[in-house]
Structure formats: C-alpha cells, structure tokens
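Below is coords.txt, holding compact mmCIF, C-alpha atoms.
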```txt
# COMPACT_ATOMS: atom_id res chain seq x y z
CA MET A 179 -12.44 14.44 -14.79
CA LYS A 180 -15.25 15.68 -12.60
CA LYS A 181 -13.30 16.38 -9.42
CA LEU A 182 -11.66 19.74 -8.79
CA PHE A 183 -9.26 18.46 -6.24
CA PHE A 184 -6.83 15.68 -5.78
CA ALA A 185 -5.25 13.69 -3.07
CA PHE A 186 -3.29 10.55 -3.10
CA ALA A 187 -4.23 8.80 0.10
CA LEU A 188 -3.79 5.46 1.66
CA SER A 189 -0.08 5.18 1.86
CA SER A 190 -0.33 2.52 4.53
CA ALA A 191 2.32 2.08 7.14
CA LEU A 192 2.88 1.37 10.79
CA PHE A 193 1.62 -2.18 10.85
CA SER A 194 2.43 -3.96 14.09
CA CYS A 195 1.21 -7.03 15.92
CA ASN A 196 1.19 -7.98 19.55
CA LYS A 197 -0.66 -10.37 21.82
CA GLU A 198 -3.89 -9.12 23.34
CA THR A 199 -3.77 -8.49 27.08
CA SER A 200 -7.50 -8.96 27.78
CA THR A 201 -9.69 -12.00 27.34
CA PRO A 202 -11.69 -11.60 24.11
CA ASN A 203 -15.38 -12.30 23.69
CA ASN A 204 -17.07 -13.95 20.70
CA SER A 205 -14.94 -12.38 17.96
CA GLY A 206 -11.78 -11.62 19.83
CA ASN A 207 -13.10 -8.09 20.52
CA ILE A 208 -13.04 -6.91 24.09
CA THR A 209 -16.19 -4.76 24.19
CA THR A 210 -19.76 -4.05 23.08
CA ASP A 211 -20.94 -7.33 21.48
CA THR A 212 -24.14 -8.46 23.19
CA THR A 213 -25.06 -11.63 21.28
CA LYS A 214 -22.54 -14.42 21.10
CA THR A 215 -22.34 -16.68 18.06
CA SER A 216 -19.13 -18.32 19.23
CA ASN A 217 -17.06 -17.52 22.29
CA ASP A 218 -13.93 -19.41 21.25
CA VAL A 219 -12.87 -17.71 18.04
CA SER A 220 -9.09 -17.70 17.81
CA ILE A 221 -6.17 -17.15 15.45
CA SER A 222 -2.49 -17.77 16.01
CA GLY A 223 -1.41 -14.43 14.55
CA PHE A 224 -1.94 -11.49 12.18
CA ASN A 225 0.41 -10.80 9.28
CA CYS A 226 0.04 -7.06 9.73
CA ALA A 227 2.91 -6.14 7.42
CA SER A 228 1.00 -7.69 4.49
CA THR A 229 -2.18 -5.68 5.10
CA THR A 230 -3.64 -4.35 1.84
CA ILE A 231 -5.37 -0.97 1.75
CA ALA A 232 -7.68 -0.27 -1.20
CA GLY A 233 -9.20 3.14 -1.90
CA GLU A 234 -8.44 6.65 -0.66
CA ILE A 235 -9.41 8.91 2.23
CA ILE A 236 -9.61 12.69 1.86
CA ASN A 237 -10.06 15.12 4.74
CA GLY A 238 -13.65 16.31 5.19
CA GLN A 239 -15.15 13.94 2.63
CA PRO A 240 -17.28 10.84 3.34
CA VAL A 241 -15.26 7.69 2.79
CA SER A 242 -16.41 5.32 0.05
CA ASN A 243 -15.03 2.00 -1.23
CA VAL A 244 -12.10 1.83 1.18
CA THR A 245 -11.07 -1.50 2.72
CA ALA A 246 -8.24 -2.93 4.79
CA THR A 247 -7.54 -6.64 4.25
CA ILE A 248 -5.48 -8.29 7.00
CA PRO A 249 -4.06 -11.82 6.56
CA TYR A 250 -4.10 -14.18 9.53
CA THR A 251 -2.79 -17.63 10.37
CA GLY A 252 -4.11 -20.36 12.63
CA GLY A 253 -7.83 -19.67 12.21
CA ASN A 254 -9.99 -22.20 14.06
CA GLY A 255 -13.02 -22.18 11.73
CA LYS A 256 -15.41 -20.52 14.19
CA THR A 257 -18.15 -17.98 13.42
CA TYR A 258 -17.73 -14.37 14.51
CA LEU A 259 -20.02 -11.33 14.74
CA THR A 260 -19.92 -7.88 13.16
CA LYS A 261 -17.61 -5.53 15.01
CA SER A 262 -16.51 -1.91 14.47
CA HIS A 263 -13.41 -0.10 15.70
CA SER A 264 -13.15 3.69 15.93
CA SER A 265 -10.10 5.56 14.71
CA THR A 266 -7.67 7.48 16.87
CA GLY A 267 -5.35 10.24 15.71
CA VAL A 268 -7.60 11.37 12.90
CA THR A 269 -11.05 10.71 14.31
CA GLY A 270 -14.46 10.30 12.69
CA LEU A 271 -13.74 6.96 11.01
CA SER A 272 -14.71 3.34 11.69
CA ALA A 273 -13.28 0.02 10.54
CA THR A 274 -16.05 -2.60 10.38
CA LEU A 275 -15.73 -6.36 10.05
CA VAL A 276 -18.94 -8.00 8.83
CA ALA A 277 -19.99 -11.24 10.53
CA GLY A 278 -18.52 -14.37 8.98
CA THR A 279 -16.61 -17.56 9.58
CA LEU A 280 -12.88 -18.01 10.01
CA ALA A 281 -10.95 -20.21 7.68
CA THR A 282 -9.27 -23.18 9.25
CA GLY A 283 -5.66 -22.11 9.05
CA VAL A 284 -4.71 -19.23 6.74
CA GLY A 285 -7.25 -16.55 5.74
CA THR A 286 -7.98 -12.82 5.62
CA LEU A 287 -10.27 -10.41 7.44
CA VAL A 288 -11.69 -7.54 5.38
CA TYR A 289 -12.54 -4.32 7.24
CA THR A 290 -14.59 -1.62 5.53
CA ILE A 291 -13.57 1.95 6.41
CA SER A 292 -16.42 4.44 6.73
CA GLY A 293 -17.19 7.87 8.16
CA THR A 294 -15.83 11.36 7.50
CA PRO A 295 -12.33 12.27 8.73
CA THR A 296 -12.09 15.36 10.90
CA THR A 297 -8.57 16.38 9.90
CA ALA A 298 -5.69 15.33 7.70
CA GLY A 299 -3.00 13.09 9.19
CA LYS A 300 -2.94 9.44 10.26
CA ALA A 301 -6.05 7.49 11.24
CA THR A 302 -5.07 4.55 13.44
CA PHE A 303 -7.24 1.50 14.08
CA THR A 304 -6.38 -1.06 16.75
CA ILE A 305 -7.96 -4.28 15.56
CA ASP A 306 -8.51 -6.91 18.24
CA PHE A 307 -9.59 -10.35 17.13
CA GLY A 308 -9.22 -13.91 18.32
CA GLY A 309 -6.73 -13.08 21.04
CA LYS A 310 -4.47 -10.99 18.81
CA THR A 311 -4.24 -7.30 17.89
CA CYS A 312 -3.13 -5.45 14.79
CA SER A 313 -2.54 -1.71 14.55
CA ILE A 314 -3.23 -0.08 11.17
CA ALA A 315 -2.33 3.54 10.38
CA ILE A 316 -3.76 5.10 7.20
CA ASP A 317 -2.87 8.51 5.78
CA VAL A 318 -5.69 11.03 5.34
CA GLU A 319 -4.78 13.75 2.86
CA ASN A 320 -6.05 17.28 2.40
CA ALA A 321 -8.06 18.00 -0.73
CA ILE A 322 -6.47 20.70 -2.85
CA GLN A 323 -7.59 22.43 -5.97
CA ASN A 324 -6.89 20.54 -9.16
CA PRO A 325 -4.22 22.29 -11.25
CA THR A 326 -4.56 22.23 -15.03
CA SER A 327 -1.07 20.87 -15.61
CA GLY A 328 1.85 19.20 -13.86
CA TYR A 329 2.45 15.99 -11.97
CA GLY A 330 0.12 14.79 -9.23
CA PRO A 331 0.78 12.31 -6.43
CA ASN A 332 1.84 8.80 -7.35
CA LEU A 333 -0.76 6.04 -7.62
CA LYS A 334 -0.62 2.35 -6.63
CA ASP A 335 -2.58 -0.50 -8.18
CA ALA A 336 -3.89 -3.71 -6.59
CA GLU A 337 -0.43 -5.33 -6.80
CA GLY A 338 1.52 -2.37 -5.45
CA ASN A 339 2.88 -1.12 -8.80
CA THR A 340 3.45 2.64 -8.59
CA TYR A 341 2.56 5.10 -11.36
CA LYS A 342 3.13 8.78 -11.98
CA THR A 343 -0.06 10.83 -12.41
CA VAL A 344 -0.49 14.02 -14.37
CA PHE A 345 -3.08 16.80 -14.59
CA ILE A 346 -4.16 17.75 -18.10
CA GLY A 347 -6.89 20.37 -18.14
CA THR A 348 -9.78 19.21 -15.97
CA GLN A 349 -8.60 15.59 -15.94
CA GLN A 350 -6.05 13.58 -13.95
CA TRP A 351 -4.40 10.75 -15.92
CA MET A 352 -1.94 8.02 -15.18
CA GLY A 353 1.36 9.10 -16.71
CA GLU A 354 2.37 5.50 -17.46
CA ASN A 355 0.79 2.41 -19.01
CA LEU A 356 -0.99 -0.03 -16.73
CA LYS A 357 1.03 -3.05 -15.53
CA VAL A 358 -1.37 -4.85 -13.20
CA SER A 359 -2.40 -8.50 -13.56
CA LYS A 360 -5.31 -8.26 -11.11
CA TYR A 361 -8.57 -6.35 -10.97
CA SER A 362 -8.94 -3.84 -8.14
CA ASP A 363 -10.77 -6.45 -6.04
CA GLY A 364 -7.76 -8.78 -6.22
CA THR A 365 -9.20 -11.16 -8.83
CA THR A 366 -6.52 -12.47 -11.20
CA ILE A 367 -6.64 -11.53 -14.90
CA PRO A 368 -5.38 -14.50 -16.94
CA ASN A 369 -2.12 -14.21 -18.88
CA ILE A 370 -2.67 -15.91 -22.25
CA THR A 371 0.47 -16.66 -24.24
CA ASP A 372 -0.92 -19.16 -26.77
CA ASN A 373 -2.11 -17.54 -30.02
CA THR A 374 -5.07 -19.88 -30.53
CA GLN A 375 -6.32 -19.35 -27.01
CA TRP A 376 -5.95 -15.58 -27.41
CA GLN A 377 -8.01 -15.35 -30.60
CA ASN A 378 -10.77 -17.61 -29.26
CA ASN A 379 -11.04 -15.97 -25.85
CA THR A 380 -13.99 -13.70 -24.96
CA THR A 381 -13.07 -13.00 -21.34
CA GLY A 382 -10.50 -10.66 -19.81
CA ALA A 383 -6.85 -11.43 -20.55
CA TRP A 384 -3.45 -9.77 -20.84
CA ALA A 385 -0.05 -10.42 -22.41
CA TYR A 386 3.45 -9.00 -22.50
CA TYR A 387 4.48 -7.83 -25.97
CA ASN A 388 6.07 -10.90 -27.62
CA ASN A 389 5.39 -12.73 -24.32
CA ASN A 390 8.54 -11.05 -23.03
CA ALA A 391 8.28 -9.79 -19.44
CA ALA A 392 11.11 -7.31 -20.07
CA ASN A 393 8.64 -5.20 -22.07
CA ASN A 394 6.51 -4.66 -18.96
CA THR A 395 8.88 -2.14 -17.41
CA LYS A 396 8.53 0.63 -19.97
CA GLU A 397 5.45 -0.39 -21.98
CA GLY A 398 3.20 -2.12 -19.45
CA LYS A 399 0.88 -4.98 -20.36
CA LEU A 400 -1.41 -5.42 -23.37
CA TYR A 401 -5.05 -6.11 -22.45
CA ASN A 402 -7.92 -7.31 -24.58
CA TRP A 403 -11.10 -5.22 -24.41
CA TYR A 404 -12.88 -7.89 -22.39
CA ALA A 405 -10.54 -7.08 -19.50
CA VAL A 406 -11.19 -3.32 -19.56
CA SER A 407 -14.96 -3.32 -20.03
CA LYS A 408 -17.09 -3.80 -16.93
CA THR A 409 -19.88 -5.15 -19.14
CA THR A 410 -17.71 -8.15 -20.07
CA ASN A 411 -15.51 -8.69 -17.00
CA GLY A 412 -18.20 -9.10 -14.32
CA ASN A 413 -18.32 -5.41 -13.34
CA LYS A 414 -14.69 -5.45 -12.23
CA ASN A 415 -12.24 -2.56 -12.46
CA VAL A 416 -8.84 -3.12 -14.07
CA CYS A 417 -7.77 0.32 -12.79
CA PRO A 418 -6.98 1.21 -9.17
CA THR A 419 -9.94 2.06 -6.95
CA GLY A 420 -11.12 5.59 -7.68
CA TRP A 421 -9.87 5.39 -11.28
CA HIS A 422 -11.33 3.96 -14.47
CA VAL A 423 -10.63 3.18 -18.12
CA PRO A 424 -11.58 6.39 -19.99
CA SER A 425 -14.56 6.42 -22.30
CA ASP A 426 -14.27 7.51 -25.92
CA ALA A 427 -15.78 10.87 -24.93
CA GLU A 428 -13.23 11.33 -22.12
CA TRP A 429 -10.38 10.73 -24.57
CA THR A 430 -11.89 13.46 -26.74
CA VAL A 431 -11.89 15.86 -23.75
CA LEU A 432 -8.13 15.25 -23.53
CA THR A 433 -7.33 15.75 -27.21
CA ASP A 434 -9.61 18.81 -27.47
CA TYR A 435 -7.79 20.42 -24.53
CA LEU A 436 -4.49 19.81 -26.31
CA GLY A 437 -5.65 21.65 -29.42
CA GLY A 438 -7.51 18.93 -31.29
CA ALA A 439 -6.68 15.48 -32.59
CA SER A 440 -4.54 16.80 -35.45
CA VAL A 441 -1.87 18.18 -33.07
CA ALA A 442 -2.56 16.52 -29.70
CA GLY A 443 -0.47 13.43 -30.48
CA GLY A 444 2.81 15.32 -30.54
CA LYS A 445 2.02 16.82 -27.15
CA MET A 446 1.27 13.33 -25.81
CA LYS A 447 4.37 11.48 -27.12
CA GLU A 448 7.46 11.05 -25.01
CA VAL A 449 10.62 12.49 -26.57
CA THR A 450 12.87 9.44 -26.24
CA THR A 451 14.52 6.69 -28.21
CA TYR A 452 11.54 4.46 -27.37
CA TRP A 453 10.09 5.87 -30.61
CA ILE A 454 11.89 5.17 -33.85
CA SER A 455 12.90 8.13 -36.00
CA PRO A 456 11.53 10.62 -36.90
CA ASN A 457 9.09 10.72 -33.91
CA THR A 458 7.43 13.65 -35.67
CA ASP A 459 6.25 16.64 -33.58
CA ALA A 460 6.98 14.92 -30.25
CA THR A 461 7.18 17.42 -27.39
CA ASN A 462 5.33 15.71 -24.49
CA THR A 463 4.26 19.14 -23.24
CA SER A 464 1.16 17.48 -21.73
CA LEU A 465 3.35 15.06 -19.70
CA PHE A 466 1.10 12.21 -20.90
CA THR A 467 4.36 10.44 -21.86
CA GLY A 468 2.92 8.15 -24.52
CA HIS A 469 5.04 5.12 -25.44
CA PRO A 470 4.87 3.04 -28.65
CA GLY A 471 3.86 -0.22 -26.99
CA GLY A 472 2.53 -1.82 -30.16
CA HIS A 473 -0.35 -4.30 -30.01
CA ARG A 474 -1.32 -7.94 -30.03
CA ASN A 475 -3.67 -8.55 -32.93
CA ASP A 476 -6.80 -10.68 -33.10
CA ASN A 477 -4.90 -13.79 -34.22
CA GLY A 478 -2.39 -13.53 -31.38
CA GLY A 479 0.55 -11.96 -33.25
CA TYR A 480 2.47 -8.88 -32.14
CA ASN A 481 3.20 -5.74 -34.17
CA TYR A 482 4.37 -2.11 -34.12
CA ILE A 483 6.35 -1.76 -30.89
CA GLY A 484 8.53 1.35 -31.25
CA ARG A 485 6.26 2.68 -34.01
CA ILE A 486 2.71 2.98 -32.68
CA GLY A 487 0.97 3.18 -29.32
CA PHE A 488 -2.61 1.97 -28.91
CA TRP A 489 -4.87 2.63 -25.90
CA TRP A 490 -8.34 1.25 -25.24
CA SER A 491 -11.41 3.27 -24.37
CA SER A 492 -14.25 1.66 -22.42
CA THR A 493 -16.70 2.49 -25.23
CA GLU A 494 -18.05 -0.11 -27.62
CA ASP A 495 -18.36 0.78 -31.31
CA VAL A 496 -20.24 -2.21 -32.69
CA THR A 497 -20.75 -5.67 -31.22
CA ALA A 498 -17.32 -6.91 -32.31
CA ASP A 499 -15.33 -3.67 -31.99
CA ALA A 500 -14.48 -0.93 -29.50
CA TRP A 501 -12.96 2.56 -29.77
CA ASN A 502 -9.31 3.27 -29.08
CA ARG A 503 -6.72 6.03 -29.47
CA VAL A 504 -3.50 5.81 -31.50
CA LEU A 505 -0.17 7.68 -31.48
CA VAL A 506 2.28 7.18 -34.36
CA TYR A 507 6.02 7.69 -34.87
CA ASN A 508 5.69 9.65 -38.13
CA GLY A 509 3.03 12.20 -37.22
CA GLY A 510 1.66 14.47 -34.51
CA ILE A 511 -1.94 13.29 -34.63
CA ALA A 512 -3.87 11.52 -31.90
CA GLY A 513 -5.84 9.06 -33.99
CA ARG A 514 -9.25 7.65 -33.13
CA ASP A 515 -9.97 4.16 -34.41
CA SER A 516 -12.11 1.09 -33.77
CA HIS A 517 -10.62 -2.39 -33.43
CA ASN A 518 -11.80 -5.90 -32.72
CA LYS A 519 -12.18 -6.60 -29.00
CA TYR A 520 -9.70 -9.48 -29.28
CA TYR A 521 -6.83 -7.02 -29.82
CA GLY A 522 -4.35 -6.40 -27.01
CA PHE A 523 -3.77 -2.69 -26.36
CA SER A 524 -2.20 -0.58 -23.63
CA VAL A 525 -4.39 0.95 -20.92
CA ARG A 526 -4.23 4.35 -19.25
CA CYS A 527 -6.48 5.06 -16.28
CA LEU A 528 -8.38 8.30 -15.55
CA ARG A 529 -9.37 9.49 -12.12
CA ASP A 530 -13.10 9.28 -11.34
```
Take the structure in this file and express it as structure tokens.
Amino acid sequence: MKKLFFAFALSSALFSCNKETSTPNNSGNITTDTTKTSNDVSISGFNCASTTIAGEIINGQPVSNVTATIPYTGGNGKTYLTKSHSSTGVTGLSATLVAGTLATGVGTLVYTISGTPTTAGKATFTIDFGGKTCSIAIDVENAIQNPTSGYGPNLKDAEGNTYKTVFIGTQQWMGENLKVSKYSDGTTIPNITDNTQWQNNTTGAWAYYNNNAANNTKEGKLYNWYAVSKTTNGNKNVCPTGWHVPSDAEWTVLTDYLGGASVAGGKMKEVTTYWISPNTDATNTSLFTGHPGGHRNDNGGYNYIGRIGFWWSSTEDVTADAWNRVLVYNGGIAGRDSHNKYYGFSVRCLRD
C-alpha cells in the first residue's frame, strides 16, 4: 500500500427533502446560469434517503472519484445545464451536475464532488433542481499516520455491505471476503448457477458456494478472474472505490512482511471451527482472518470449503491462467499457485 495514512470517509447521512421556495431557472437552480436550454425542467420529488455516495474525502487532500447519486421521481424529460453547488460547514468543495436530459418519470442525478476540504467535519450541499431541494451531508475525515498493525475503519462496497479493514505492515487490507454483486460503478455482475454456462463464460461472474446464499455471510462470493481483472471486465472495479484487487506482487509484500510464505499462512488463518481439524499453525496474528471458502472449478463444480481458501490476484500468468494465493487446513504456508481463469475464488481488496 502506497499511502501512509488512512481515513474512512463518506459515511453519508442527513438526507432531507423539501419544496423549493424560489422560482427555479433552466435546471431548477436559483442562480448563476446565463444560457437557458430549457426553462421548464421539473421533477415531482427527490428520494434523498436513497442517495448513494461513492469514494472518500480526506481533510486537506484534493478530492478524486467521489460522486453523489440522487434518485428522483416525476422527471419531465427536459434538458438541463451544468450547475455547481458550493459546500457549507466544511468549505472548499463543489458538487457539480453535468448538463444532460431528465428521464421521463424515475431517474437519477449524478453530482461529482471536487475541490480540497479546508477542515474535517461535515460538508453539506443544498441541491436545488426542478423545483425541489435535497440536502446532502458528507463526512470529511482527518488523515492519520498508517499504523503497521490493528484494525482500521470499516469499509462499504457499492451495495452497502460493510467490511472490517486491517493494517498489515505498509498495506491496508479488507479483513473479510468480498460479498458484492456489483462493480463500483453500480454495474451488475451476473450470478451464474448453471455449470455449463459457468465453464463456457469468459466475462465477469460470481456464485455462492454450492449456489447456497447462506455461505455468503461468512465466506463471501466466489468470482471468476474475468470479474476481477480490469482488462477483461471493461475497466471496472469489483472493489470499493479507492481499493483494488491486489496484484501478485502485492500479495508477496504481505507474505514477506509476515515472515515469508512458509509461515505467513498460519498468521493469516482465523482460529475458528470454520477450518476443519487440525488447522495447523493458525494464530491469525495478522488479523487477516482467512476463511476456507473453497472454490468453484472450471467445470462448475464446488470443492474444499472448510479445508482450503483461495484468493485471486489481478495478475495474469499465461493466457488461460492467473495467479492466486492459497491457505490450507493442514499447514501454515501461504501458497502461491496459478489456476484457470474460469475458477471461482474469493476476493480480498487492498487499499490504493
């Protein structure tokens, strides 16, 4: 991990809606637009409570890849202009809506957050559009020095699943397996249950072990490599914004820090009944909390839950195969192996 600080930002709250008290101009904004594309843009209401915040904001750092997506109802299909709103509370930030056209009926407005926050705290944006307003408050966190061990702030994915995070050396890892069924941009990753479809598929997909959703709680989902690699999934990110699937080299940084591959596995395995006996050398001193989620093989079958955990890297080995890491119930090693890209493995995300 390249960063020497951490912050978990963007715990969004304080969403409220109320009717605008002034007559809006072309886009429902009350000020500053000078060229009108349409002066009768309207919506019947914002669904502020369902606003989605993607990305993170850290005090004193330029904001990058942060958006607020606000659902609306009753759009009248009119064209609107670009409009920016300045933050209050924590100042120095803007929320910008790029010119576009309303849906007729239900749709969303996507605001890009930019600028550099002046302090930590809450940045509030009052969005006025189409005769309605929506107030969005976003947490801005202080950057602090990255510790070499211990838990970090929790992390949310594109569906709102929450994960523990943990510092291990210079890196910050998710402390749980990924459970999301969407890329960070909201695009759905297909769930393929049929064995024939799985083995013939060369695009991103996921499955529950044995197609049993109960396995999602403790083991997460199993993803083929086409879902985790940006070279095969249309440059999409299966991890939360600001995080990524670790490369083969980044996995090696982890195991080297833990004393080398021959002993790192024991320090990465959770000491629970999830692993069958003897769960050799398991101490979980790293807090990685590795589970034996098993895998889905290249013909669609399932194997090894309770015995072995497999995790993808983002690094290709040869055209048909990619590198992965392996933890086993009867040893303390952290194995490095290469498997066919059709396999379904667990995924852990690493902070950028």
### Task
Name the closest residue to A:Glu354 among the candidates A:Gly238, A:Gly472, A:Gly412, A:Gly398; distances are taken between atoms, counting all atoms listed in the file.
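Of A:Gly238, A:Gly472, A:Gly412, A:Gly398, the one nearest A:Glu354 is A:Gly398, counting all atoms listed in the file.
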### Task
Please provide as a PyMOL selection string all residues within 10 Å of stretch 506-511 of chain A, with the sequence filter that same-chain residues fewer than 3 positions apart are discarded (counting all atoms listed in the file).
chain A and resi 433+438-447+452-461+468-470+472+482+484-488+514
Contacts of A:Met352 within 6 Å, all atoms listed in the file, excl. fewer than 6 positions in-chain, as a PDB file with C-alpha atoms, in the frame of the given file:
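Writing the result to part10.pdb gives the following:
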```pdb
ATOM      1  CA  THR A 343      -0.060  10.830 -12.410  1.00  0.00           C
ATOM      2  CA  ARG A 526      -4.230   4.350 -19.250  1.00  0.00           C
ATOM      3  CA  CYS A 527      -6.480   5.060 -16.280  1.00  0.00           C
TER       4      CYS A 527
END
```
### Message
Between atom CA of A:Asp218 and atom CA of A:Thr257, what is the distance in Å, rounded to a tenth?
### Response
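Atom-to-atom, atom CA of A:Asp218 and atom CA of A:Thr257 are spaced 9.0 Å apart.
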## Note on the structure
Taken to one decimal, the atom CA of A:Leu465-atom CA of A:Thr450 distance is 12.8 Å
### Summary
What separates atom CA of A:Lys256 and atom CA of A:Gly278 is a distance of 8.6 Å
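Among the candidates A:Leu436, A:Ala301, A:Ala232, A:Leu400, the residue lying nearest to A:Glu337 is A:Ala232 (atoms considered: all atoms listed in the file).
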Answer as a tab-separated table (two decimals) with C-alpha atoms, in the coordinates of the input, residues within 8 Å of (-12.4, 3.5, 9.7) using all atoms listed in the file:
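Writing the result to result35.tsv gives the following:
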```tsv
chain	number	residue	atom	x	y	z
A	263	HIS	CA	-13.41	-0.10	15.70
A	264	SER	CA	-13.15	3.69	15.93
A	265	SER	CA	-10.10	5.56	14.71
A	270	GLY	CA	-14.46	10.30	12.69
A	271	LEU	CA	-13.74	6.96	11.01
A	272	SER	CA	-14.71	3.34	11.69
A	273	ALA	CA	-13.28	0.02	10.54
A	274	THR	CA	-16.05	-2.60	10.38
A	290	THR	CA	-14.59	-1.62	5.53
A	291	ILE	CA	-13.57	1.95	6.41
A	292	SER	CA	-16.42	4.44	6.73
A	293	GLY	CA	-17.19	7.87	8.16
A	301	ALA	CA	-6.05	7.49	11.24
A	303	PHE	CA	-7.24	1.50	14.08
```
